>>> print(open('model-v6.cif').read())   # mmCIF, N, CA and C atoms
data_my_file
loop_
_atom_site.label_atom_id
_atom_site.label_comp_id
_atom_site.auth_asym_id
_atom_site.auth_seq_id
_atom_site.Cartn_x
_atom_site.Cartn_y
_atom_site.Cartn_z
N MET K 1 155.11 -84.27 159.63
CA MET K 1 154.21 -84.54 158.54
C MET K 1 152.89 -83.79 158.77
N ASN K 2 152.35 -83.25 157.72
CA ASN K 2 151.07 -82.56 157.76
C ASN K 2 150.01 -83.40 157.06
N GLU K 3 148.77 -83.25 157.49
CA GLU K 3 147.66 -83.94 156.84
C GLU K 3 146.95 -82.99 155.89
N TYR K 4 146.62 -83.49 154.70
CA TYR K 4 145.95 -82.69 153.69
C TYR K 4 144.83 -83.49 153.06
N GLU K 5 143.81 -82.79 152.62
CA GLU K 5 142.82 -83.35 151.71
C GLU K 5 143.21 -82.80 150.35
N VAL K 6 143.34 -83.68 149.37
CA VAL K 6 143.81 -83.27 148.05
C VAL K 6 142.74 -83.56 147.00
N LEU K 7 142.42 -82.55 146.21
CA LEU K 7 141.59 -82.72 145.03
C LEU K 7 142.55 -82.81 143.85
N ILE K 8 142.50 -83.93 143.13
CA ILE K 8 143.36 -84.13 141.97
C ILE K 8 142.47 -84.11 140.73
N GLU K 9 142.70 -83.12 139.86
CA GLU K 9 141.92 -82.97 138.63
C GLU K 9 142.81 -83.27 137.43
N THR K 10 142.47 -84.32 136.68
CA THR K 10 143.21 -84.68 135.49
C THR K 10 142.46 -84.12 134.29
N ILE K 11 143.12 -83.22 133.57
CA ILE K 11 142.50 -82.48 132.48
C ILE K 11 143.22 -82.84 131.18
N ASN K 12 142.46 -83.33 130.20
CA ASN K 12 143.08 -83.62 128.91
C ASN K 12 142.62 -82.60 127.87
N PRO K 13 143.37 -82.45 126.79
CA PRO K 13 143.06 -81.40 125.82
C PRO K 13 141.72 -81.60 125.11
N CYS K 14 141.23 -82.81 125.02
CA CYS K 14 139.96 -83.07 124.32
C CYS K 14 138.76 -82.67 125.17
N GLY K 15 138.76 -83.05 126.44
CA GLY K 15 137.62 -82.78 127.31
C GLY K 15 137.66 -81.44 127.99
N GLY K 16 138.85 -80.92 128.18
CA GLY K 16 139.01 -79.66 128.87
C GLY K 16 138.65 -79.74 130.34
N GLU K 17 138.64 -78.60 130.98
CA GLU K 17 138.41 -78.52 132.42
C GLU K 17 137.00 -78.97 132.81
N ALA K 18 136.03 -78.75 131.95
CA ALA K 18 134.65 -79.12 132.25
C ALA K 18 134.47 -80.63 132.41
N HIS K 19 135.34 -81.40 131.77
CA HIS K 19 135.23 -82.87 131.82
C HIS K 19 136.42 -83.51 132.53
N ALA K 20 137.02 -82.80 133.43
CA ALA K 20 138.18 -83.31 134.16
C ALA K 20 137.78 -84.48 135.05
N ASN K 21 138.67 -85.47 135.14
CA ASN K 21 138.49 -86.55 136.10
C ASN K 21 138.90 -86.02 137.46
N LYS K 22 138.04 -86.17 138.46
CA LYS K 22 138.33 -85.64 139.80
C LYS K 22 138.42 -86.77 140.80
N GLU K 23 139.42 -86.64 141.67
CA GLU K 23 139.66 -87.65 142.70
C GLU K 23 140.05 -86.94 143.99
N PHE K 24 139.49 -87.39 145.12
CA PHE K 24 139.86 -86.86 146.43
C PHE K 24 140.71 -87.88 147.16
N LYS K 25 141.75 -87.39 147.84
CA LYS K 25 142.60 -88.25 148.67
C LYS K 25 142.89 -87.53 149.97
N GLU K 26 143.07 -88.31 151.02
CA GLU K 26 143.59 -87.79 152.28
C GLU K 26 145.00 -88.33 152.40
N ILE K 27 145.95 -87.41 152.57
CA ILE K 27 147.37 -87.81 152.58
C ILE K 27 148.09 -87.18 153.77
N GLU K 28 149.28 -87.72 154.04
CA GLU K 28 150.23 -87.11 154.95
C GLU K 28 151.49 -86.85 154.16
N ALA K 29 151.99 -85.62 154.24
CA ALA K 29 153.20 -85.24 153.51
C ALA K 29 153.90 -84.11 154.23
N ALA K 30 155.18 -83.97 153.96
CA ALA K 30 155.96 -82.88 154.55
C ALA K 30 155.45 -81.53 154.03
N SER K 31 155.08 -81.50 152.74
CA SER K 31 154.54 -80.30 152.11
C SER K 31 153.83 -80.70 150.83
N PRO K 32 152.96 -79.84 150.31
CA PRO K 32 152.32 -80.14 149.03
C PRO K 32 153.34 -80.35 147.90
N GLU K 33 154.37 -79.51 147.89
CA GLU K 33 155.40 -79.62 146.85
C GLU K 33 156.13 -80.95 146.92
N ALA K 34 156.41 -81.42 148.13
CA ALA K 34 157.09 -82.70 148.30
C ALA K 34 156.22 -83.85 147.79
N TYR K 35 154.91 -83.79 148.08
CA TYR K 35 154.00 -84.83 147.62
C TYR K 35 153.96 -84.88 146.09
N VAL K 36 153.81 -83.72 145.46
CA VAL K 36 153.73 -83.68 144.00
C VAL K 36 155.05 -84.13 143.38
N ALA K 37 156.17 -83.73 143.95
CA ALA K 37 157.46 -84.14 143.41
C ALA K 37 157.62 -85.66 143.44
N LEU K 38 157.06 -86.31 144.45
CA LEU K 38 157.19 -87.77 144.56
C LEU K 38 156.17 -88.54 143.74
N THR K 39 154.99 -87.97 143.49
CA THR K 39 153.91 -88.75 142.88
C THR K 39 153.49 -88.32 141.48
N ALA K 40 153.81 -87.11 141.07
CA ALA K 40 153.31 -86.59 139.79
C ALA K 40 154.00 -87.25 138.61
N ARG K 41 153.22 -87.44 137.54
CA ARG K 41 153.82 -88.00 136.33
C ARG K 41 154.35 -86.92 135.39
N PHE K 42 153.97 -85.65 135.65
CA PHE K 42 154.44 -84.52 134.84
C PHE K 42 155.19 -83.53 135.73
N PRO K 43 156.05 -82.69 135.15
CA PRO K 43 156.74 -81.65 135.94
C PRO K 43 155.79 -80.53 136.35
N ILE K 44 156.17 -79.81 137.40
CA ILE K 44 155.36 -78.69 137.91
C ILE K 44 155.45 -77.52 136.94
N ILE K 45 154.27 -76.98 136.58
CA ILE K 45 154.18 -75.82 135.70
C ILE K 45 153.93 -74.55 136.52
N ASP K 46 153.06 -74.67 137.54
CA ASP K 46 152.65 -73.50 138.30
C ASP K 46 152.32 -73.91 139.73
N SER K 47 152.53 -72.99 140.65
CA SER K 47 152.22 -73.23 142.06
C SER K 47 151.77 -71.92 142.68
N GLY K 48 150.74 -71.99 143.53
CA GLY K 48 150.26 -70.77 144.17
C GLY K 48 149.15 -71.08 145.15
N LYS K 49 148.40 -70.04 145.52
CA LYS K 49 147.29 -70.16 146.46
C LYS K 49 146.01 -69.71 145.76
N ASN K 50 144.89 -70.35 146.11
CA ASN K 50 143.60 -69.88 145.59
C ASN K 50 143.01 -68.88 146.58
N THR K 51 141.80 -68.38 146.31
CA THR K 51 141.20 -67.36 147.16
C THR K 51 140.86 -67.88 148.55
N SER K 52 140.76 -69.20 148.71
CA SER K 52 140.50 -69.81 150.02
C SER K 52 141.76 -70.05 150.82
N GLY K 53 142.93 -69.79 150.21
CA GLY K 53 144.19 -70.02 150.89
C GLY K 53 144.75 -71.41 150.71
N ASP K 54 144.09 -72.24 149.87
CA ASP K 54 144.58 -73.58 149.60
C ASP K 54 145.75 -73.52 148.63
N THR K 55 146.68 -74.45 148.75
CA THR K 55 147.80 -74.54 147.81
C THR K 55 147.34 -75.27 146.56
N VAL K 56 147.60 -74.65 145.39
CA VAL K 56 147.23 -75.24 144.11
C VAL K 56 148.51 -75.41 143.29
N ILE K 57 148.76 -76.66 142.87
CA ILE K 57 149.94 -76.96 142.06
C ILE K 57 149.46 -77.59 140.76
N THR K 58 149.93 -77.06 139.64
CA THR K 58 149.55 -77.59 138.33
C THR K 58 150.78 -78.22 137.68
N THR K 59 150.60 -79.44 137.17
CA THR K 59 151.66 -80.13 136.44
C THR K 59 151.15 -80.37 135.02
N GLY K 60 152.06 -80.58 134.08
CA GLY K 60 151.63 -80.84 132.72
C GLY K 60 152.74 -81.33 131.83
N ASP K 61 152.33 -81.82 130.65
CA ASP K 61 153.31 -82.36 129.70
C ASP K 61 153.68 -81.37 128.60
N GLY K 62 153.11 -80.17 128.62
CA GLY K 62 153.42 -79.17 127.60
C GLY K 62 152.66 -79.39 126.29
N LYS K 63 151.82 -80.42 126.24
CA LYS K 63 151.05 -80.74 125.03
C LYS K 63 149.55 -80.68 125.29
N GLY K 64 149.15 -80.20 126.47
CA GLY K 64 147.74 -80.06 126.77
C GLY K 64 147.24 -80.90 127.92
N ASP K 65 147.96 -81.95 128.29
CA ASP K 65 147.57 -82.76 129.44
C ASP K 65 148.02 -82.07 130.72
N LEU K 66 147.07 -81.84 131.65
CA LEU K 66 147.37 -81.17 132.90
C LEU K 66 146.82 -81.99 134.06
N VAL K 67 147.49 -81.88 135.19
CA VAL K 67 146.97 -82.43 136.45
C VAL K 67 147.09 -81.32 137.48
N ARG K 68 145.96 -80.95 138.08
CA ARG K 68 145.94 -79.87 139.08
C ARG K 68 145.65 -80.48 140.45
N TYR K 69 146.51 -80.15 141.40
CA TYR K 69 146.38 -80.64 142.78
C TYR K 69 145.99 -79.45 143.66
N THR K 70 144.89 -79.59 144.43
CA THR K 70 144.47 -78.56 145.36
C THR K 70 144.55 -79.16 146.76
N PHE K 71 145.42 -78.59 147.60
CA PHE K 71 145.68 -79.10 148.94
C PHE K 71 144.97 -78.25 149.98
N THR K 72 144.15 -78.89 150.81
CA THR K 72 143.47 -78.23 151.92
C THR K 72 143.93 -78.87 153.21
N GLU K 73 144.34 -78.05 154.19
CA GLU K 73 144.80 -78.60 155.47
C GLU K 73 143.62 -78.87 156.37
#
>>> encode(input="model-v6.cif", output="structure tokens")
Amino acid sequence: MNEYEVLIETINPCGGEAHANKEFKEIEAASPEAYVALTARFPIIDSGKNTSGDTVITTGDGKGDLVRYTFTE
């Protein structure tokens, strides 16, 4: 198991990214993908790395609601 600090940003179509609800969690998981697969309410839309090397996974409902997870080891 690896330890991660996770920034979870919940973005709705009305407020957009500027008004996203942000939450920080410290978790233990086998991988970021495994954590999102077990806990996300929407399917994964995109996965990659940001310029800092953190794993960023975006989930969504296809209608504008998005949840973005940023994992830092």
>>> axis_aligned_box(input="model-v6.cif", around="segment 31-43 of chain K", padding_each_side="8 Å", output="JSON")
{"center_x": 155.0, "center_y": -84.1, "center_z": 143.8, "size_x": 21.3, "size_y": 25.2, "size_z": 33.9}
>>> resolve_selection(input="model-v6.cif", expression="the PyMOL selection byres (((chain K and resi 6 and name CA) around 8) and name CA)", output="PyMOL selection string")
chain K and resi 4-5+7-8+24-27+69-72
>>> resolve_selection(input="model-v6.cif", expression="the PyMOL selection byres ((chain K and resi 55) around 7)", output="list in words")
Ser47, Gly48, Lys49, Asn50, Ser52, Gly53, Asp54, Val56, Ile57, Tyr69, Thr70, Phe71, Thr72 and Glu73 of chain K
>>> write_last_selection(input="model-v6.cif", atoms="N, CA and C atoms", output="PDB file, keeping the file's coordinate frame")
ATOM      1  N   SER K  47     152.530 -72.990 140.650  1.00  0.00           N
ATOM      2  CA  SER K  47     152.220 -73.230 142.060  1.00  0.00           C
ATOM      3  C   SER K  47     151.770 -71.920 142.680  1.00  0.00           C
ATOM      4  N   GLY K  48     150.740 -71.990 143.530  1.00  0.00           N
ATOM      5  CA  GLY K  48     150.260 -70.770 144.170  1.00  0.00           C
ATOM      6  C   GLY K  48     149.150 -71.080 145.150  1.00  0.00           C
ATOM      7  N   LYS K  49     148.400 -70.040 145.520  1.00  0.00           N
ATOM      8  CA  LYS K  49     147.290 -70.160 146.460  1.00  0.00           C
ATOM      9  C   LYS K  49     146.010 -69.710 145.760  1.00  0.00           C
ATOM     10  N   ASN K  50     144.890 -70.350 146.110  1.00  0.00           N
ATOM     11  CA  ASN K  50     143.600 -69.880 145.590  1.00  0.00           C
ATOM     12  C   ASN K  50     143.010 -68.880 146.580  1.00  0.00           C
ATOM     13  N   SER K  52     140.760 -69.200 148.710  1.00  0.00           N
ATOM     14  CA  SER K  52     140.500 -69.810 150.020  1.00  0.00           C
ATOM     15  C   SER K  52     141.760 -70.050 150.820  1.00  0.00           C
ATOM     16  N   GLY K  53     142.930 -69.790 150.210  1.00  0.00           N
ATOM     17  CA  GLY K  53     144.190 -70.020 150.890  1.00  0.00           C
ATOM     18  C   GLY K  53     144.750 -71.410 150.710  1.00  0.00           C
ATOM     19  N   ASP K  54     144.090 -72.240 149.870  1.00  0.00           N
ATOM     20  CA  ASP K  54     144.580 -73.580 149.600  1.00  0.00           C
ATOM     21  C   ASP K  54     145.750 -73.520 148.630  1.00  0.00           C
ATOM     22  N   VAL K  56     147.600 -74.650 145.390  1.00  0.00           N
ATOM     23  CA  VAL K  56     147.230 -75.240 144.110  1.00  0.00           C
ATOM     24  C   VAL K  56     148.510 -75.410 143.290  1.00  0.00           C
ATOM     25  N   ILE K  57     148.760 -76.660 142.870  1.00  0.00           N
ATOM     26  CA  ILE K  57     149.940 -76.960 142.060  1.00  0.00           C
ATOM     27  C   ILE K  57     149.460 -77.590 140.760  1.00  0.00           C
ATOM     28  N   TYR K  69     146.510 -80.150 141.400  1.00  0.00           N
ATOM     29  CA  TYR K  69     146.380 -80.640 142.780  1.00  0.00           C
ATOM     30  C   TYR K  69     145.990 -79.450 143.660  1.00  0.00           C
ATOM     31  N   THR K  70     144.890 -79.590 144.430  1.00  0.00           N
ATOM     32  CA  THR K  70     144.470 -78.560 145.360  1.00  0.00           C
ATOM     33  C   THR K  70     144.550 -79.160 146.760  1.00  0.00           C
ATOM     34  N   PHE K  71     145.420 -78.590 147.600  1.00  0.00           N
ATOM     35  CA  PHE K  71     145.680 -79.100 148.940  1.00  0.00           C
ATOM     36  C   PHE K  71     144.970 -78.250 149.980  1.00  0.00           C
ATOM     37  N   THR K  72     144.150 -78.890 150.810  1.00  0.00           N
ATOM     38  CA  THR K  72     143.470 -78.230 151.920  1.00  0.00           C
ATOM     39  C   THR K  72     143.930 -78.870 153.210  1.00  0.00           C
ATOM     40  N   GLU K  73     144.340 -78.050 154.190  1.00  0.00           N
ATOM     41  CA  GLU K  73     144.800 -78.600 155.470  1.00  0.00           C
ATOM     42  C   GLU K  73     143.620 -78.870 156.370  1.00  0.00           C
TER      43      GLU K  73
END
>>> atom_distance(input="model-v6.cif", atom1="atom CA of Ala20 of chain K", atom2="atom N of Pro43 of chain K")
17.9 Å
>>> atom_distance(input="model-v6.cif", atom1="atom N of Asn21 of chain K", atom2="atom N of Asn2 of chain K")
26.5 Å
>>> select_by_dssp(input="model-v6.cif", residues="chain K", states="strand (DSSP E)", output="ChimeraX atom specification")
/K:2-11,21-29,44-49,55-60,66-72
>>> atom_distance(input="model-v6.cif", atom1="atom CA of Gly64 of chain K", atom2="atom C of Thr10 of chain K")
10.0 Å
>>> resolve_selection(input="model-v6.cif", expression="the PyMOL selection byres ((chain K and resi 60) around 7)", output="number ranges by chain")
K: 41-46, 58-59, 61-67
>>> closest_residue(input="model-v6.cif", among="K:Glu9, K:Val36, K:Arg68, K:Glu3", to="Glu23 of chain K", atoms="all atoms listed in the file")
K:Glu9
>>> select_by_dssp(input="model-v6.cif", residues="chain K", states="alpha helix (DSSP H)", output="list of chain:residue names")
K:Pro32, K:Glu33, K:Ala34, K:Tyr35, K:Val36, K:Ala37, K:Leu38, K:Thr39
>>> decode(input="model-v6.cif", residues="segment 32-48 of chain K", atoms="all heavy atoms", output="mmCIF file, in the first residue's frame")
data_model
loop_
_atom_site.group_PDB
_atom_site.id
_atom_site.type_symbol
_atom_site.label_atom_id
_atom_site.label_comp_id
_atom_site.auth_asym_id
_atom_site.auth_seq_id
_atom_site.Cartn_x
_atom_site.Cartn_y
_atom_site.Cartn_z
ATOM 1 N N PRO K 32 -3.486 5.061 -7.322
ATOM 2 C CA PRO K 32 -4.547 6.059 -7.482
ATOM 3 C C PRO K 32 -5.758 5.505 -8.244
ATOM 4 O O PRO K 32 -6.896 5.753 -7.876
ATOM 5 C CB PRO K 32 -3.866 7.182 -8.273
ATOM 6 C CG PRO K 32 -2.430 7.085 -7.882
ATOM 7 C CD PRO K 32 -2.186 5.595 -7.757
ATOM 8 N N GLU K 33 -5.483 4.732 -9.289
ATOM 9 C CA GLU K 33 -6.572 4.163 -10.088
ATOM 10 C C GLU K 33 -7.441 3.224 -9.265
ATOM 11 O O GLU K 33 -8.663 3.214 -9.400
ATOM 12 C CB GLU K 33 -6.011 3.427 -11.317
ATOM 13 C CG GLU K 33 -5.353 4.332 -12.331
ATOM 14 C CD GLU K 33 -3.907 4.725 -11.989
ATOM 15 O OE1 GLU K 33 -3.348 4.227 -10.987
ATOM 16 O OE2 GLU K 33 -3.344 5.545 -12.724
ATOM 17 N N ALA K 34 -6.815 2.430 -8.399
ATOM 18 C CA ALA K 34 -7.563 1.503 -7.550
ATOM 19 C C ALA K 34 -8.459 2.272 -6.581
ATOM 20 O O ALA K 34 -9.613 1.898 -6.364
ATOM 21 C CB ALA K 34 -6.609 0.592 -6.783
ATOM 22 N N TYR K 35 -7.937 3.366 -6.011
ATOM 23 C CA TYR K 35 -8.722 4.170 -5.080
ATOM 24 C C TYR K 35 -9.944 4.766 -5.782
ATOM 25 O O TYR K 35 -11.065 4.693 -5.280
ATOM 26 C CB TYR K 35 -7.864 5.284 -4.477
ATOM 27 C CG TYR K 35 -8.645 6.200 -3.578
ATOM 28 C CD1 TYR K 35 -8.967 5.814 -2.277
ATOM 29 C CD2 TYR K 35 -9.085 7.442 -4.018
ATOM 30 C CE1 TYR K 35 -9.704 6.645 -1.448
ATOM 31 C CE2 TYR K 35 -9.816 8.270 -3.196
ATOM 32 C CZ TYR K 35 -10.127 7.873 -1.910
ATOM 33 O OH TYR K 35 -10.861 8.691 -1.096
ATOM 34 N N VAL K 36 -9.740 5.351 -6.955
ATOM 35 C CA VAL K 36 -10.846 5.971 -7.680
ATOM 36 C C VAL K 36 -11.864 4.915 -8.102
ATOM 37 O O VAL K 36 -13.075 5.133 -7.988
ATOM 38 C CB VAL K 36 -10.330 6.772 -8.895
ATOM 39 C CG1 VAL K 36 -11.476 7.259 -9.766
ATOM 40 C CG2 VAL K 36 -9.498 7.955 -8.419
ATOM 41 N N ALA K 37 -11.404 3.766 -8.554
ATOM 42 C CA ALA K 37 -12.322 2.706 -8.964
ATOM 43 C C ALA K 37 -13.222 2.267 -7.808
ATOM 44 O O ALA K 37 -14.400 1.948 -8.017
ATOM 45 C CB ALA K 37 -11.540 1.513 -9.506
ATOM 46 N N LEU K 38 -12.698 2.279 -6.592
ATOM 47 C CA LEU K 38 -13.482 1.846 -5.427
ATOM 48 C C LEU K 38 -14.378 2.936 -4.854
ATOM 49 O O LEU K 38 -15.416 2.625 -4.272
ATOM 50 C CB LEU K 38 -12.543 1.355 -4.318
ATOM 51 C CG LEU K 38 -11.834 0.039 -4.569
ATOM 52 C CD1 LEU K 38 -10.834 -0.237 -3.451
ATOM 53 C CD2 LEU K 38 -12.846 -1.098 -4.652
ATOM 54 N N THR K 39 -14.010 4.205 -5.002
ATOM 55 C CA THR K 39 -14.726 5.265 -4.288
ATOM 56 C C THR K 39 -15.489 6.247 -5.170
ATOM 57 O O THR K 39 -16.370 6.942 -4.666
ATOM 58 C CB THR K 39 -13.752 6.082 -3.409
ATOM 59 O OG1 THR K 39 -12.791 6.718 -4.247
ATOM 60 C CG2 THR K 39 -13.058 5.199 -2.403
ATOM 61 N N ALA K 40 -15.175 6.333 -6.439
ATOM 62 C CA ALA K 40 -15.776 7.363 -7.301
ATOM 63 C C ALA K 40 -17.231 7.046 -7.619
ATOM 64 O O ALA K 40 -17.602 5.892 -7.801
ATOM 65 C CB ALA K 40 -14.976 7.502 -8.591
ATOM 66 N N ARG K 41 -18.024 8.115 -7.706
ATOM 67 C CA ARG K 41 -19.431 7.915 -8.078
ATOM 68 C C ARG K 41 -19.637 7.983 -9.588
ATOM 69 O O ARG K 41 -20.698 7.632 -10.088
ATOM 70 C CB ARG K 41 -20.314 8.939 -7.378
ATOM 71 C CG ARG K 41 -19.986 10.357 -7.680
ATOM 72 C CD ARG K 41 -20.858 11.309 -6.891
ATOM 73 N NE ARG K 41 -20.339 12.657 -7.047
ATOM 74 C CZ ARG K 41 -21.026 13.735 -6.811
ATOM 75 N NH1 ARG K 41 -22.246 13.643 -6.364
ATOM 76 N NH2 ARG K 41 -20.481 14.913 -6.984
ATOM 77 N N PHE K 42 -18.623 8.470 -10.333
ATOM 78 C CA PHE K 42 -18.691 8.556 -11.790
ATOM 79 C C PHE K 42 -17.560 7.730 -12.407
ATOM 80 O O PHE K 42 -16.534 7.504 -11.768
ATOM 81 C CB PHE K 42 -18.528 10.008 -12.265
ATOM 82 C CG PHE K 42 -19.550 10.965 -11.712
ATOM 83 C CD1 PHE K 42 -19.143 12.132 -11.089
ATOM 84 C CD2 PHE K 42 -20.903 10.723 -11.833
ATOM 85 C CE1 PHE K 42 -20.061 13.042 -10.590
ATOM 86 C CE2 PHE K 42 -21.846 11.624 -11.332
ATOM 87 C CZ PHE K 42 -21.423 12.773 -10.712
ATOM 88 N N PRO K 43 -17.700 7.322 -13.672
ATOM 89 C CA PRO K 43 -16.614 6.600 -14.350
ATOM 90 C C PRO K 43 -15.447 7.523 -14.695
ATOM 91 O O PRO K 43 -15.610 8.742 -14.817
ATOM 92 C CB PRO K 43 -17.273 6.049 -15.606
ATOM 93 C CG PRO K 43 -18.489 6.872 -15.823
ATOM 94 C CD PRO K 43 -18.912 7.407 -14.489
ATOM 95 N N ILE K 44 -14.273 6.920 -14.877
ATOM 96 C CA ILE K 44 -13.060 7.674 -15.218
ATOM 97 C C ILE K 44 -13.158 8.177 -16.659
ATOM 98 O O ILE K 44 -13.472 7.419 -17.570
ATOM 99 C CB ILE K 44 -11.802 6.805 -15.038
ATOM 100 C CG1 ILE K 44 -11.611 6.480 -13.554
ATOM 101 C CG2 ILE K 44 -10.562 7.505 -15.600
ATOM 102 C CD1 ILE K 44 -10.484 5.507 -13.268
ATOM 103 N N ILE K 45 -12.889 9.485 -16.829
ATOM 104 C CA ILE K 45 -12.888 10.111 -18.151
ATOM 105 C C ILE K 45 -11.457 10.274 -18.655
ATOM 106 O O ILE K 45 -11.175 10.069 -19.825
ATOM 107 C CB ILE K 45 -13.555 11.498 -18.097
ATOM 108 C CG1 ILE K 45 -15.020 11.377 -17.728
ATOM 109 C CG2 ILE K 45 -13.399 12.237 -19.419
ATOM 110 C CD1 ILE K 45 -15.698 12.714 -17.492
ATOM 111 N N ASP K 46 -10.547 10.671 -17.743
ATOM 112 C CA ASP K 46 -9.182 10.980 -18.142
ATOM 113 C C ASP K 46 -8.236 10.669 -16.993
ATOM 114 O O ASP K 46 -8.606 10.766 -15.826
ATOM 115 C CB ASP K 46 -9.076 12.459 -18.522
ATOM 116 C CG ASP K 46 -7.729 12.824 -19.124
ATOM 117 O OD1 ASP K 46 -7.226 12.050 -19.960
ATOM 118 O OD2 ASP K 46 -7.187 13.874 -18.743
ATOM 119 N N SER K 47 -7.009 10.311 -17.337
ATOM 120 C CA SER K 47 -5.982 10.029 -16.339
ATOM 121 C C SER K 47 -4.638 10.455 -16.904
ATOM 122 O O SER K 47 -4.373 10.265 -18.092
ATOM 123 C CB SER K 47 -5.966 8.529 -16.022
ATOM 124 O OG SER K 47 -4.977 8.241 -15.071
ATOM 125 N N GLY K 48 -3.802 11.068 -16.060
ATOM 126 C CA GLY K 48 -2.494 11.494 -16.529
ATOM 127 C C GLY K 48 -1.680 12.086 -15.402
ATOM 128 O O GLY K 48 -1.985 11.887 -14.229
#
